[in-house]
>>> print(open('input-v6.tsv').read())   # TSV, C-alpha atoms and all ligand atoms
chain	number	residue	atom	x	y	z
A	1	MET	CA	-40.04	-7.13	7.26
A	2	PRO	CA	-37.49	-9.90	7.64
A	3	GLU	CA	-35.32	-9.64	10.74
A	4	ARG	CA	-32.32	-7.37	10.12
A	5	THR	CA	-29.08	-8.47	11.77
A	6	LEU	CA	-25.79	-6.62	11.41
A	7	LEU	CA	-23.61	-9.23	9.70
A	8	MET	CA	-20.13	-9.09	11.22
A	9	ILE	CA	-18.73	-12.56	10.55
A	10	PRO	CA	-15.53	-13.05	8.53
A	11	GLY	CA	-17.51	-13.34	5.29
A	12	PRO	CA	-20.03	-13.06	3.82
A	13	ILE	CA	-20.28	-9.45	4.94
A	14	GLU	CA	-22.74	-6.54	4.86
A	15	LEU	CA	-23.41	-5.40	1.31
A	16	ASP	CA	-23.59	-1.79	0.17
A	17	ALA	CA	-26.91	-0.61	-1.29
A	18	GLU	CA	-25.36	-0.13	-4.74
A	19	VAL	CA	-24.14	-3.74	-4.72
A	20	LEU	CA	-27.57	-5.00	-3.68
A	21	ALA	CA	-29.21	-2.92	-6.40
A	22	ALA	CA	-26.93	-4.51	-9.02
A	23	LEU	CA	-28.22	-7.93	-7.94
A	24	ALA	CA	-31.84	-6.84	-8.38
A	25	ARG	CA	-31.54	-5.92	-12.07
A	26	PRO	CA	-33.65	-7.88	-14.55
A	27	GLN	CA	-31.84	-11.03	-15.65
A	28	LEU	CA	-29.43	-10.45	-18.52
A	29	GLY	CA	-27.91	-13.06	-20.79
A	30	HIS	CA	-24.23	-13.85	-20.50
A	31	MET	CA	-23.56	-12.56	-24.04
A	32	ASP	CA	-25.41	-9.27	-23.45
A	33	PRO	CA	-23.24	-6.23	-24.25
A	34	ALA	CA	-23.95	-4.78	-20.78
A	35	VAL	CA	-22.65	-7.96	-19.18
A	36	ALA	CA	-19.62	-8.01	-21.44
A	37	GLN	CA	-18.84	-4.45	-20.40
A	38	ALA	CA	-19.30	-5.19	-16.70
A	39	PHE	CA	-17.16	-8.36	-16.88
A	40	GLY	CA	-14.44	-6.46	-18.71
A	41	ARG	CA	-14.53	-3.72	-16.07
A	42	VAL	CA	-14.35	-6.33	-13.27
A	43	LEU	CA	-11.13	-7.72	-14.76
A	44	GLY	CA	-9.55	-4.28	-15.13
A	45	ARG	CA	-10.61	-3.14	-11.68
A	46	ALA	CA	-9.36	-6.38	-10.14
A	47	ARG	CA	-5.85	-5.54	-11.40
A	48	GLU	CA	-6.10	-2.20	-9.57
A	49	VAL	CA	-7.31	-3.83	-6.36
A	50	PHE	CA	-4.56	-6.48	-6.38
A	51	LEU	CA	-2.00	-3.80	-7.36
A	52	ALA	CA	-0.99	-6.07	-10.21
A	53	PRO	CA	-1.32	-4.05	-13.43
A	54	GLY	CA	0.50	-6.65	-15.54
A	55	ALA	CA	-1.21	-9.81	-14.24
A	56	GLN	CA	-3.92	-11.99	-15.78
A	57	PRO	CA	-7.15	-12.12	-13.77
A	58	PHE	CA	-9.47	-15.13	-13.75
A	59	VAL	CA	-12.98	-14.65	-12.36
A	60	VAL	CA	-14.85	-17.95	-12.20
A	61	ALA	CA	-18.13	-19.00	-10.55
A	62	GLY	CA	-17.31	-20.82	-7.34
A	63	SER	CA	-16.23	-20.10	-3.78
A	64	GLY	CA	-12.81	-19.29	-2.36
A	65	THR	CA	-11.98	-22.98	-2.23
A	66	LEU	CA	-12.33	-23.12	-6.02
A	67	ALA	CA	-9.95	-20.15	-6.22
A	68	MET	CA	-7.44	-22.15	-4.15
A	69	GLU	CA	-7.74	-25.15	-6.47
A	70	LEU	CA	-7.54	-23.00	-9.62
A	71	ALA	CA	-4.38	-21.34	-8.38
A	72	VAL	CA	-2.39	-24.48	-7.69
A	73	ALA	CA	-3.89	-27.03	-10.12
A	74	ASN	CA	-2.45	-24.98	-12.96
A	75	LEU	CA	1.03	-24.83	-11.46
A	76	VAL	CA	2.00	-28.15	-9.89
A	77	ASP	CA	2.62	-31.52	-11.47
A	78	PRO	CA	2.48	-34.79	-9.55
A	79	GLY	CA	5.68	-35.45	-7.63
A	80	GLU	CA	6.73	-31.80	-7.40
A	81	ARG	CA	7.48	-30.27	-4.01
A	82	ALA	CA	5.23	-27.65	-2.49
A	83	VAL	CA	5.72	-25.82	0.80
A	84	VAL	CA	2.68	-24.69	2.78
A	85	VAL	CA	3.27	-21.92	5.32
A	86	ASN	CA	0.71	-23.12	7.80
A	87	THR	CA	-1.14	-20.73	10.10
A	88	GLY	CA	-4.39	-22.64	10.55
A	89	TYR	CA	-7.53	-24.10	9.04
A	90	PHE	CA	-7.23	-22.76	5.48
A	91	SER	CA	-3.54	-23.57	5.24
A	92	ASP	CA	-4.47	-27.16	6.13
A	93	ARG	CA	-7.02	-27.06	3.33
A	94	MET	CA	-4.39	-25.85	0.85
A	95	ALA	CA	-2.12	-28.74	1.90
A	96	THR	CA	-4.98	-31.18	1.23
A	97	ILE	CA	-5.62	-29.69	-2.21
A	98	LEU	CA	-1.94	-29.95	-3.11
A	99	GLU	CA	-1.81	-33.55	-1.90
A	100	ARG	CA	-4.84	-34.42	-4.06
A	101	LEU	CA	-2.92	-33.00	-7.01
A	102	GLY	CA	-0.07	-35.39	-6.24
A	103	ALA	CA	2.39	-32.80	-4.95
A	104	LYS	CA	4.88	-33.65	-2.20
A	105	VAL	CA	3.76	-31.26	0.50
A	106	GLU	CA	5.79	-29.94	3.39
A	107	SER	CA	3.98	-27.77	5.92
A	108	VAL	CA	5.91	-25.25	7.99
A	109	GLY	CA	3.76	-24.46	10.99
A	110	ALA	CA	3.68	-22.45	14.16
A	111	ARG	CA	1.62	-22.64	17.33
A	112	ALA	CA	-1.87	-21.16	17.00
A	113	GLY	CA	-1.64	-17.38	17.11
A	114	GLU	CA	1.88	-17.19	15.74
A	115	VAL	CA	3.52	-17.22	12.31
A	116	PRO	CA	6.25	-19.66	11.23
A	117	ALA	CA	9.86	-18.51	11.61
A	118	LEU	CA	11.30	-17.04	8.43
A	119	ASP	CA	14.49	-19.13	8.55
A	120	GLU	CA	12.46	-22.35	8.76
A	121	VAL	CA	10.43	-21.27	5.73
A	122	ALA	CA	13.63	-20.41	3.84
A	123	ARG	CA	15.09	-23.84	4.64
A	124	ALA	CA	11.96	-25.72	3.57
A	125	VAL	CA	11.44	-23.84	0.31
A	126	ASP	CA	14.86	-24.76	-1.06
A	127	GLY	CA	14.22	-26.87	-4.17
A	128	ALA	CA	10.41	-26.53	-4.03
A	129	LYS	CA	8.30	-25.69	-7.10
A	130	LEU	CA	6.01	-23.42	-5.13
A	131	LEU	CA	5.17	-22.02	-1.75
A	132	THR	CA	1.70	-21.16	-0.53
A	133	ILE	CA	0.88	-18.78	2.29
A	134	THR	CA	-2.43	-17.70	3.81
A	135	HIS	CA	-2.25	-13.92	4.18
A	136	VAL	CA	-4.88	-13.76	6.90
A	137	ASP	CA	-5.84	-17.07	8.41
A	138	THR	CA	-9.52	-16.70	9.11
A	139	SER	CA	-9.42	-19.39	11.78
A	140	THR	CA	-6.95	-17.53	14.01
A	141	GLY	CA	-7.06	-13.89	12.91
A	142	VAL	CA	-3.31	-14.10	12.29
A	143	ARG	CA	-1.75	-12.09	9.47
A	144	ALA	CA	1.37	-13.65	7.96
A	145	PRO	CA	4.32	-11.53	6.75
A	146	VAL	CA	3.70	-12.12	3.03
A	147	GLU	CA	6.28	-9.66	1.72
A	148	ALA	CA	9.18	-11.21	3.69
A	149	VAL	CA	8.13	-14.80	2.99
A	150	ALA	CA	7.68	-14.07	-0.72
A	151	LYS	CA	11.18	-12.63	-0.81
A	152	ALA	CA	12.65	-15.78	0.75
A	153	ALA	CA	10.71	-18.03	-1.62
A	154	ARG	CA	11.68	-16.00	-4.67
A	155	ALA	CA	15.33	-16.15	-3.62
A	156	ALA	CA	14.98	-19.95	-3.73
A	157	GLY	CA	13.31	-19.77	-7.16
A	158	ALA	CA	9.92	-21.00	-5.94
A	159	LEU	CA	6.61	-19.62	-7.19
A	160	VAL	CA	4.62	-17.80	-4.49
A	161	VAL	CA	0.86	-18.34	-4.15
A	162	VAL	CA	-1.00	-16.19	-1.61
A	163	ASP	CA	-4.41	-17.18	-0.27
A	164	GLY	CA	-5.82	-13.69	0.14
A	165	VAL	CA	-9.44	-14.73	0.65
A	166	CYS	CA	-9.63	-12.90	3.98
A	167	SER	CA	-7.28	-10.08	2.99
A	168	VAL	CA	-7.57	-8.78	-0.58
A	169	GLY	CA	-9.37	-5.43	-0.42
A	170	GLY	CA	-8.65	-4.97	3.29
A	171	GLU	CA	-5.05	-5.78	4.19
A	172	GLU	CA	-2.11	-4.14	2.48
A	173	LEU	CA	-1.13	-6.56	-0.29
A	174	ARG	CA	0.91	-5.35	-3.26
A	175	GLN	CA	1.14	-8.26	-5.64
A	176	GLU	CA	3.63	-6.84	-8.13
A	177	ALA	CA	5.73	-4.74	-5.75
A	178	TRP	CA	6.08	-7.78	-3.46
A	179	ASP	CA	6.84	-10.06	-6.42
A	180	VAL	CA	4.00	-12.47	-5.61
A	181	ASP	CA	3.12	-14.81	-8.49
A	182	VAL	CA	-0.50	-15.65	-7.72
A	183	VAL	CA	-3.01	-14.06	-5.36
A	184	LEU	CA	-6.45	-15.58	-4.95
A	185	THR	CA	-9.61	-14.46	-3.24
A	186	ALA	CA	-13.39	-14.79	-3.28
A	187	SER	CA	-16.16	-12.26	-3.74
A	188	GLN	CA	-17.75	-12.43	-0.28
A	189	LYS	CA	-15.00	-11.23	2.02
A	190	ALA	CA	-13.13	-7.93	1.85
A	191	LEU	CA	-14.26	-7.39	-1.75
A	192	GLY	CA	-17.77	-6.69	-0.45
A	193	ALA	CA	-19.86	-8.72	-2.92
A	194	PRO	CA	-22.08	-11.76	-2.35
A	195	PRO	CA	-20.52	-15.24	-2.19
A	196	GLY	CA	-20.09	-17.15	-5.45
A	197	LEU	CA	-17.11	-15.82	-7.39
A	198	ALA	CA	-13.51	-17.01	-7.25
A	199	VAL	CA	-10.94	-14.38	-8.24
A	200	VAL	CA	-7.39	-15.41	-9.10
A	201	MET	CA	-4.68	-12.96	-10.24
A	202	VAL	CA	-1.82	-14.64	-12.07
A	203	GLY	CA	1.50	-12.94	-12.77
A	204	ALA	CA	3.57	-13.45	-15.91
A	205	ARG	CA	6.02	-15.93	-14.33
A	206	ALA	CA	3.14	-18.14	-13.14
A	207	MET	CA	1.46	-17.98	-16.56
A	208	ALA	CA	4.75	-19.17	-18.06
A	209	ALA	CA	4.93	-21.97	-15.47
A	210	TRP	CA	1.39	-23.02	-16.42
A	211	ARG	CA	2.38	-23.12	-20.10
A	212	ALA	CA	5.45	-25.21	-19.26
A	213	LYS	CA	3.49	-27.72	-17.16
A	214	GLN	CA	4.23	-31.37	-17.96
A	215	HIS	CA	0.78	-32.79	-17.28
A	216	ARG	CA	-2.55	-31.46	-18.37
A	217	VAL	CA	-4.72	-29.97	-15.57
A	218	PRO	CA	-6.85	-32.97	-14.54
A	219	SER	CA	-10.13	-31.04	-14.25
A	220	LEU	CA	-11.67	-29.27	-17.25
A	221	TYR	CA	-13.36	-26.58	-15.08
A	222	LEU	CA	-10.05	-25.81	-13.36
A	223	ASP	CA	-7.98	-25.46	-16.51
A	224	PHE	CA	-6.62	-21.97	-17.25
A	225	GLY	CA	-6.56	-23.13	-20.86
A	226	GLU	CA	-10.37	-23.11	-20.94
A	227	TRP	CA	-10.75	-19.82	-19.08
A	228	LEU	CA	-8.00	-17.68	-20.60
A	229	PRO	CA	-9.79	-17.17	-23.98
A	230	VAL	CA	-12.97	-16.31	-22.04
A	231	MET	CA	-11.24	-13.67	-19.89
A	232	GLU	CA	-9.47	-12.19	-22.91
A	233	ALA	CA	-12.67	-12.09	-24.94
A	234	TYR	CA	-14.74	-10.37	-22.24
A	235	GLU	CA	-11.98	-7.86	-21.69
A	236	ARG	CA	-12.14	-7.04	-25.42
A	237	GLY	CA	-15.91	-6.63	-25.03
A	238	ALA	CA	-16.63	-9.60	-27.30
A	239	PRO	CA	-17.93	-12.47	-25.14
A	240	VAL	CA	-17.18	-16.12	-25.92
A	241	TYR	CA	-18.73	-19.09	-24.16
A	242	PHE	CA	-17.07	-21.84	-22.15
A	243	ALA	CA	-19.34	-22.21	-19.11
A	244	THR	CA	-22.09	-19.77	-18.14
A	245	PRO	CA	-20.66	-16.99	-16.00
A	246	ALA	CA	-22.51	-15.99	-12.81
A	247	VAL	CA	-23.97	-12.92	-14.53
A	248	ASN	CA	-25.73	-11.34	-11.56
A	249	LEU	CA	-22.76	-11.81	-9.27
A	250	LEU	CA	-20.48	-10.20	-11.83
A	251	LEU	CA	-22.74	-7.12	-11.88
A	252	ALA	CA	-22.58	-6.97	-8.09
A	253	LEU	CA	-18.79	-7.44	-8.07
A	254	ASP	CA	-18.47	-4.70	-10.70
A	255	ALA	CA	-20.30	-2.34	-8.34
A	256	SER	CA	-18.24	-3.28	-5.29
A	257	LEU	CA	-14.89	-3.13	-7.10
A	258	GLY	CA	-15.92	0.29	-8.41
A	259	GLN	CA	-16.30	1.41	-4.79
A	260	LEU	CA	-12.93	-0.08	-3.81
A	261	VAL	CA	-11.16	1.69	-6.64
A	262	ALA	CA	-12.98	4.97	-5.86
A	263	GLU	CA	-11.93	4.78	-2.19
A	264	GLY	CA	-8.36	4.05	-3.27
A	265	MET	CA	-6.36	1.08	-2.03
A	266	ASP	CA	-4.12	3.04	0.34
A	267	ALA	CA	-7.11	4.74	1.96
A	268	ARG	CA	-8.82	1.38	2.22
A	269	PHE	CA	-5.84	-0.30	3.87
A	270	ALA	CA	-5.60	2.61	6.33
A	271	ARG	CA	-9.31	2.45	7.19
A	272	HIS	CA	-9.12	-1.29	7.89
A	273	ALA	CA	-6.07	-0.72	10.10
A	274	ARG	CA	-7.89	2.06	12.00
A	275	VAL	CA	-11.00	-0.07	12.52
A	276	ALA	CA	-8.86	-3.01	13.71
A	277	ARG	CA	-7.03	-0.76	16.20
A	278	ALA	CA	-10.36	0.42	17.59
A	279	PHE	CA	-11.54	-3.17	18.07
A	280	ARG	CA	-8.26	-4.11	19.74
A	281	ALA	CA	-8.53	-1.13	22.07
A	282	ALA	CA	-12.03	-2.28	23.02
A	283	TRP	CA	-11.05	-5.92	23.69
A	284	ARG	CA	-8.11	-4.72	25.77
A	285	ALA	CA	-10.24	-2.31	27.80
A	286	MET	CA	-12.71	-5.13	28.45
A	287	GLY	CA	-9.90	-7.38	29.72
A	288	LEU	CA	-10.28	-9.85	26.83
A	289	THR	CA	-7.34	-11.67	25.23
A	290	MET	CA	-6.90	-12.02	21.48
A	291	LEU	CA	-5.84	-15.25	19.82
A	292	PRO	CA	-3.00	-13.66	17.78
A	293	ALA	CA	0.01	-13.72	20.06
A	294	ARG	CA	1.26	-10.25	19.16
A	295	GLU	CA	-0.16	-7.00	17.85
A	296	GLU	CA	2.12	-7.23	14.74
A	297	VAL	CA	0.52	-10.50	13.62
A	298	ALA	CA	-3.10	-9.48	14.36
A	299	ALA	CA	-5.18	-9.16	11.20
A	300	HIS	CA	-6.95	-5.95	10.23
A	301	THR	CA	-9.89	-7.79	8.67
A	302	LEU	CA	-11.11	-9.77	11.67
A	303	SER	CA	-10.67	-10.19	15.42
A	304	ALA	CA	-10.31	-13.60	17.09
A	305	VAL	CA	-10.90	-13.19	20.82
A	306	TYR	CA	-10.89	-15.73	23.65
A	307	TYR	CA	-14.02	-16.05	25.77
A	308	PRO	CA	-13.24	-14.83	29.27
A	309	GLU	CA	-13.30	-17.16	32.26
A	310	GLY	CA	-16.74	-18.68	32.80
A	311	VAL	CA	-18.15	-17.70	29.37
A	312	ASP	CA	-18.65	-20.22	26.58
A	313	ALA	CA	-19.73	-20.36	22.93
A	314	GLY	CA	-23.29	-19.50	24.01
A	315	LEU	CA	-22.03	-15.92	23.80
A	316	VAL	CA	-22.41	-15.94	20.00
A	317	GLY	CA	-26.17	-16.52	20.36
A	318	ARG	CA	-26.44	-13.79	22.99
A	319	VAL	CA	-24.67	-11.31	20.71
A	320	ARG	CA	-27.11	-12.26	17.97
A	321	ALA	CA	-29.98	-11.52	20.33
A	322	GLU	CA	-28.47	-8.01	20.50
A	323	GLY	CA	-28.82	-7.75	16.71
A	324	VAL	CA	-25.26	-8.58	15.63
A	325	ALA	CA	-24.09	-11.79	13.95
A	326	ILE	CA	-20.55	-12.81	14.92
A	327	ALA	CA	-18.86	-16.19	14.47
A	328	GLY	CA	-17.57	-18.87	16.82
A	329	GLY	CA	-14.12	-20.43	16.60
A	330	LEU	CA	-12.81	-22.47	13.66
A	331	HIS	CA	-9.31	-23.64	14.56
A	332	PRO	CA	-9.71	-27.37	15.27
A	333	ALA	CA	-7.81	-27.38	18.57
A	334	LEU	CA	-9.34	-24.21	20.01
A	335	LYS	CA	-12.71	-23.73	18.42
A	336	ALA	CA	-14.78	-23.81	21.61
A	337	LYS	CA	-12.55	-21.20	23.24
A	338	TYR	CA	-12.92	-18.05	21.12
A	339	PHE	CA	-15.18	-15.99	18.91
A	340	ARG	CA	-14.53	-14.07	15.71
A	341	VAL	CA	-15.71	-10.70	14.49
A	342	GLY	CA	-15.26	-9.80	10.83
A	343	HIS	CA	-14.44	-6.15	10.15
A	344	MET	CA	-13.85	-5.85	6.45
A	345	GLY	CA	-15.49	-4.16	3.49
A	346	GLY	CA	-17.33	-1.00	4.38
A	347	THR	CA	-16.91	-1.23	8.18
A	348	ARG	CA	-16.83	2.24	9.78
A	349	ALA	CA	-16.95	3.76	13.26
A	350	GLY	CA	-20.69	3.24	13.74
A	351	GLU	CA	-20.46	-0.51	13.21
A	352	VAL	CA	-17.43	-0.82	15.50
A	353	LEU	CA	-19.36	0.79	18.35
A	354	ALA	CA	-22.49	-1.28	17.64
A	355	VAL	CA	-20.56	-4.56	17.69
A	356	VAL	CA	-18.52	-3.76	20.80
A	357	GLY	CA	-21.67	-2.62	22.59
A	358	ALA	CA	-23.51	-5.82	21.64
A	359	VAL	CA	-20.60	-7.98	22.86
A	360	GLU	CA	-20.45	-6.05	26.15
A	361	ARG	CA	-24.18	-6.49	26.76
A	362	ALA	CA	-24.04	-10.18	25.83
A	363	LEU	CA	-21.09	-10.73	28.21
A	364	ALA	CA	-23.05	-9.07	30.99
A	365	ALA	CA	-26.04	-11.29	30.15
A	366	SER	CA	-23.70	-14.29	30.41
A	367	GLY	CA	-23.01	-13.29	34.00
A	368	TRP	CA	-19.51	-12.04	33.34
A	369	ARG	CA	-18.48	-9.18	35.60
A	370	GLY	CA	-14.94	-8.54	34.34
A	371	ALA	CA	-15.78	-5.14	32.88
A	372	SER	CA	-18.63	-2.66	33.01
A	373	VAL	CA	-20.83	-2.23	29.98
A	374	GLY	CA	-19.54	0.82	28.12
A	375	GLU	CA	-15.82	0.49	28.84
A	376	GLY	CA	-15.13	-1.22	25.52
A	377	VAL	CA	-17.27	1.24	23.57
A	378	ALA	CA	-15.47	4.16	25.23
A	379	ALA	CA	-12.04	2.73	24.39
A	380	ALA	CA	-13.02	2.07	20.77
A	381	ALA	CA	-14.50	5.56	20.44
A	382	ARG	CA	-11.30	7.13	21.79
A	383	GLU	CA	-9.21	5.15	19.31
A	384	LEU	CA	-11.48	6.10	16.42
A	385	GLY	CA	-11.02	9.77	17.29
A	386	GLY	CA	-13.07	12.57	15.87
A	387	GLY	CA	-14.83	13.15	19.18
A	388	HIS	CA	-14.12	15.65	21.94
A	389	THR	CA	-13.45	15.47	25.63
A	390	ARG	CA	-15.63	17.36	28.06
A	391	THR	CA	-13.80	20.44	29.35
B	1	LIG	C1	-13.07	-18.11	3.55
B	1	LIG	C2	-11.70	-18.54	3.21
B	1	LIG	C3	-11.45	-19.56	2.29
B	1	LIG	C4	-12.52	-20.40	1.69
B	1	LIG	O1	-13.43	-19.66	0.97
B	1	LIG	P1	-14.86	-20.32	0.63
B	1	LIG	O2	-15.51	-19.23	-0.17
B	1	LIG	O3	-15.53	-20.57	1.93
B	1	LIG	O4	-14.63	-21.55	-0.13
B	1	LIG	C5	-10.14	-19.84	1.99
B	1	LIG	N1	-9.13	-19.18	2.55
B	1	LIG	C6	-9.33	-18.20	3.44
B	1	LIG	C7	-8.16	-17.50	4.04
B	1	LIG	C8	-10.62	-17.85	3.81
B	1	LIG	O5	-10.82	-16.88	4.70
>>> encode(input="input-v6.tsv", output="structure tokens", more="lines below")
Ligand SMILES: *Cc1c(COP(=O)(O)O)cnc(C)c1O
Amino acid sequence: MPERTLLMIPGPIELDAEVLAALARPQLGHMDPAVAQAFGRVLGRAREVFLAPGAQPFVVAGSGTLAMELAVANLVDPGERAVVVNTGYFSDRMATILERLGAKVESVGARAGEVPALDEVARAVDGAKLLTITHVDTSTGVRAPVEAVAKAARAAGALVVVDGVCSVGGEELRQEAWDVDVVLTASQKALGAPPGLAVVMVGARAMAAWRAKQHRVPSLYLDFGEWLPVMEAYERGAPVYFATPAVNLLLALDASLGQLVAEGMDARFARHARVARAFRAAWRAMGLTMLPAREEVAAHTLSAVYYPEGVDAGLVGRVRAEGVAIAGGLHPALKAKYFRVGHMGGTRAGEVLAVVGAVERALAASGWRGASVGEGVAAAARELGGGHTRT
């Protein structure tokens, strides 16, 4: 048997048995009726997950970075202004992508662990073609206030693009109700499928902006014009070919989106919030400090936690020796100072307790004496509820 480690990094994540089984089916061709059906279902279910019944989904083989490029390459022309609400590593990446496309980019930042001030965003977005915002920045565990920022950007007439790679399927995100033009994600994070699919949900206003674009999209693979007939055809159940879809991944995504829809988005958002509260209670009880500066900006899909005094990045390896894979830091200025635990997808009470217990034991093995093993687990268990107190 290969070694089995509980995978609790911020993506890829643990896969459900039904999703794994979908991957193990005999290979099907991309024009097979069963694949056409599954692809069509993926597109319909994606609208339910993004809470965007009227939007056009694009599901294309590639990672989240491809989703980022797809989203903006079809909207900006060289010389146009774009505002990046910058909360960390992936916002920097979005700025780079926009610069490559020839946009004039203005980043509105904040110190690590915080979100930019709304009035600064409102000032910067005046006269811009679009604004991008990372819903959950995976490098800091900070959740940005998408609804409020989208409102300010819409008031200025700018298109709103949300990088939801670490949020869609976990954090509350209501694309149509919040009037967000484009939301993008990838298969391997809170959607609970393997890596390899970019998912971009495009609202009517953004589709119109794409049609009105002055310059042709420079890359063939990135062009909505190539993909739109493919998406429409698969949704009709009559496949057409542009570039071979990632058949097996689509079957897996079909299974995972089916589970998301069955759980219900509101229930799913609430479960992620409950799991995040339990982790926060544990870190607090252990005397650890989180990277997000305030509870209100702490993500529900991952925790970013500073190493305590005297403990370094060797902790990640010690946690792995306890059977749990967590991640080190990613923010360029701070990366040696904190670790990250992903808690998205199917995470439930049992995994919370396993992860906290592994971190406590690894801290003890690192020689840290700031808390006793068990204090974090007890705090998480209390927060999760459902237990009883000895009488
Ligand atoms: C993971 C991630 C990405 C990049 O996705 P890849 O699949 O690694 O290309 C982009 N944005 C955010 C917020 C992410 O968490």
>>> atom_distance(input="input-v6.tsv", atom1="CA of Val60 in chain A", atom2="CA of Val183 in chain A")
14.2 Å
>>> closest_residue(input="input-v6.tsv", among="A:Leu66, A:Ala17, A:Val311, A:Val136", to="Pro195 in chain A", atoms="all atoms listed in the file")
A:Leu66
>>> closest_residue(input="input-v6.tsv", among="A:Leu220, A:Ile9, A:Met68, A:Val247", to="Gln37 in chain A", atoms="only C-alpha atoms")
A:Val247
>>> closest_residue(input="input-v6.tsv", among="A:Val355, A:Leu75, A:Ala67, A:Val305", to="ligand LIG 1 (chain B)", atoms="all atoms listed in the file")
A:Ala67
>>> residues_near_ligand(input="input-v6.tsv", ligand="ligand LIG 1 (chain B)", cutoff="6 Å", atoms="all atoms listed in the file", output="compact mmCIF listing (two decimals) with C-alpha atoms, in the coordinates of the input")
# COMPACT_ATOMS: atom_id res chain seq x y z
CA SER A 63 -16.23 -20.10 -3.78
CA GLY A 64 -12.81 -19.29 -2.36
CA THR A 65 -11.98 -22.98 -2.23
CA PHE A 90 -7.23 -22.76 5.48
CA THR A 134 -2.43 -17.70 3.81
CA VAL A 136 -4.88 -13.76 6.90
CA ASP A 137 -5.84 -17.07 8.41
CA THR A 138 -9.52 -16.70 9.11
CA ASP A 163 -4.41 -17.18 -0.27
CA GLY A 164 -5.82 -13.69 0.14
CA VAL A 165 -9.44 -14.73 0.65
CA CYS A 166 -9.63 -12.90 3.98
CA ALA A 186 -13.39 -14.79 -3.28
>>> residues_around(input="input-v6.tsv", residues="range 143-152 of chain A", least_positions_apart="4", cutoff="6 Å", atoms="only C-alpha atoms", output="list in words")
Ala122, His135, Val136, Trp178, Val297, Ala298 and Ala299 of chain A
>>> atom_distance(input="input-v6.tsv", atom1="CA of Ala238 in chain A", atom2="CA of Pro53 in chain A")
21.4 Å
>>> residues_around(input="input-v6.tsv", residues="range 337-341 of chain A", least_positions_apart="6", cutoff="6 Å", atoms="only C-alpha atoms", output="JSON, numbers by chain")
{"A": [8, 9, 302, 303, 304, 305, 306, 307, 326, 327, 328, 329]}
>>> atom_distance(input="input-v6.tsv", atom1="CA of Leu6 in chain A", atom2="CA of Gly192 in chain A")
14.3 Å
